[in-house]
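**Q** Structure below; questions to follow.
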Amino acid sequence: MGQGQPPADSPPDLEALAARAEAEIAAAENASDLNAVRAQYLGKKGSVAQVLRGIGTLPPEERGRVGQAANAVKVRIDEWVQARRTALESASHAEALAGRRLDVTLPGAGGSPGHLHPMTVMIRDVADFFLGLGFSIEEGPEVETEYHNFDALNMPADHPARDMQDTFWVEGDHVLRTHTSPVQIRAMTGRQPPLRLIVPGRVYRHDMSPRHSPMFAQVEGLMVDEDVTFGDLKGVLYAFARHLFGDDTELRFRASYFPFTEPSAELDFRCPFCAGDGCATCSQSGWIEWGGCGMVHPQVLANCDVDPERYQGFAFGMGLERGVMLRHGLPQIRLLYDGDVRVLEQL
Ligand SMILES: [Zn+2]
């Protein structure tokens with residue numbers, strides 16, 4: 001009970017009213033019950049208001065005493081209501097806290113760990129394979145001189161083969177390299193065979209068609225020594241293809257032309273989607289183009305001061321996206337470069 005004892009001269013009905021109010025307030029189990037009890041006693045039409053309104057009907061000598069007693073009851077009820085409200089709020093707060101107990105010893109919820117981009121996985125796989133054959137890994141600039149990208153590779157300015165490559169020109173005599181072959185020149189210049197190296201890297205062609213990308217990755221290969229033959233080239237490329245795509249992989253060498261190799265061949269692998277029967281992915285041919293290769297042109301060796309009478313070599317350049325598309329059944333190269341994690345998470 002909040003206040004002290006009620007005054008001894010309070011009318012009996014006010015004391016009974018206070019006792020009822022106190023019991024109902026104590027029984028209120030939530031804020032809405034409590035509001036209802038308060039309205040019932042202290043509202044405009046509540047019990048206390050009715051007593052106060054009845055004062056006018058009392059004998060004049062009674063009016064002051066009853067009025068004081070009714071106001072005192074009003075104050076007491078209001079105090080009980082406030083005390084009960086505070087008690088209910090702290091109980092509900094404690095209950096909420098108990099429901100949200102934090103166990104700091106539980107393990108964390110964990111995040112998505114992510115993974116390497118499929119092109120990174122492919123490049124590392126390629127590097128692994130050739131390191132195992134004793135090849136080294138070389139790099140060169142992506143903004144390349146016209147000399148390294150074209151001239152030294154047996155493509156002087158008036159050579160029609162330059163039209164085969166849709167070149168992005170930078171300032172002066174610089175280009176975005178159209179192939180990884182200029183690194184052959186950089187690797188052979190100032191060095192003498194034996195040379196065995198690969199060059200994985202980005203190359204650029206001005207080709208915006210949906211089946212292509214203006215930037216893509218190649219792996220260049222070069223081996224120069226005495227007695228290197230086209231048979232060595234075929235052996236290395238077969239082993240490479242079967243490392244990447246499985247032991248059943250079939251290859252096809254088609255006679256072709258590149259200024260920097262002689263003889264030259266284009267290399268296809270048997271379409272894995274239709275096993276050679278023809279499908280949309282291989283344009284009904286049963287084969288998928290993979291890259292170009294051939295024996296290094298004697299003029300290219302001579303341009304690097306390597307004696308073509310003593311040394312021969314082979315070179316190849318393979319598209320790496322083709323390999324990733326094949327591994328994962330991707331229909332379009334651009335899916336690899338859009339950065340859409342919904343696609344990349346599936347690979
Ligand atoms: Zn096919």
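Just so we're on the same page: first chain in the structure tokens is A, next is B, and so on; residues restart at 1 for each chain, and ligands are numbered from 1 in the order they show up.
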Among the residues of region 47-240 of chain A, find those DSSP assigns to alpha helix (DSSP H) from the backbone and print them as a PyMOL selection string.

**A** chain A and resi 47-54+60-99+118-132+146-149+182-188+230-240

**Q** Skipping near chain neighbours, those fewer than 4 positions away, what residues fall within 8 Å of region 342-345 of chain A using only C-alpha atoms, listed as an MDAnalysis selection string?

**A** chainID A and resid 114 117:118 335:336

**Q** Kindly save the residues from that selection, with C-alpha atoms included, as a compact mmCIF listing (two decimals), in the first residue's frame.

**A**
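Once written, part_30.txt looks like this:
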# COMPACT_ATOMS: atom_id res chain seq x y z
CA GLY A 114 34.54 -16.96 -51.64
CA HIS A 117 37.92 -16.68 -60.25
CA PRO A 118 37.69 -19.57 -62.76
CA LEU A 335 29.87 -14.19 -68.38
CA LEU A 336 33.43 -14.55 -67.11

**Q** So how far away is CA of Arg270 (chain A) from CA of Leu251 (chain A), in Å?

**A**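 Taking CA of Leu251 (chain A) as the start and CA of Arg270 (chain A) as the end point, the length is 6.2 Å.
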
**Q** Would you kindly return, as number ranges by chain, each protein, DNA or RNA residue with an atom no farther than 12 Å from any atom of Val48 (chain A), considering only C-alpha atoms and excluding same-chain residues fewer than 5 positions away?

**A** A: 13-18, 21, 38-43, 53-55, 66-78

**Q** Please provide as an MDAnalysis selection string all residues within 8 Å of region 209-225 of chain A, with the sequence filter that same-chain residues fewer than 3 positions apart are discarded (counting only C-alpha atoms).

**A** chainID A and resid 179:181 184 193:206 228 311:321 332:334

**Q** Can you work out which residues are within 12 Å of ligand 1, considering only C-alpha atoms and all ligand atoms, and then hand them over as number ranges by chain?

**A** A: 268-289, 326, 329, 331
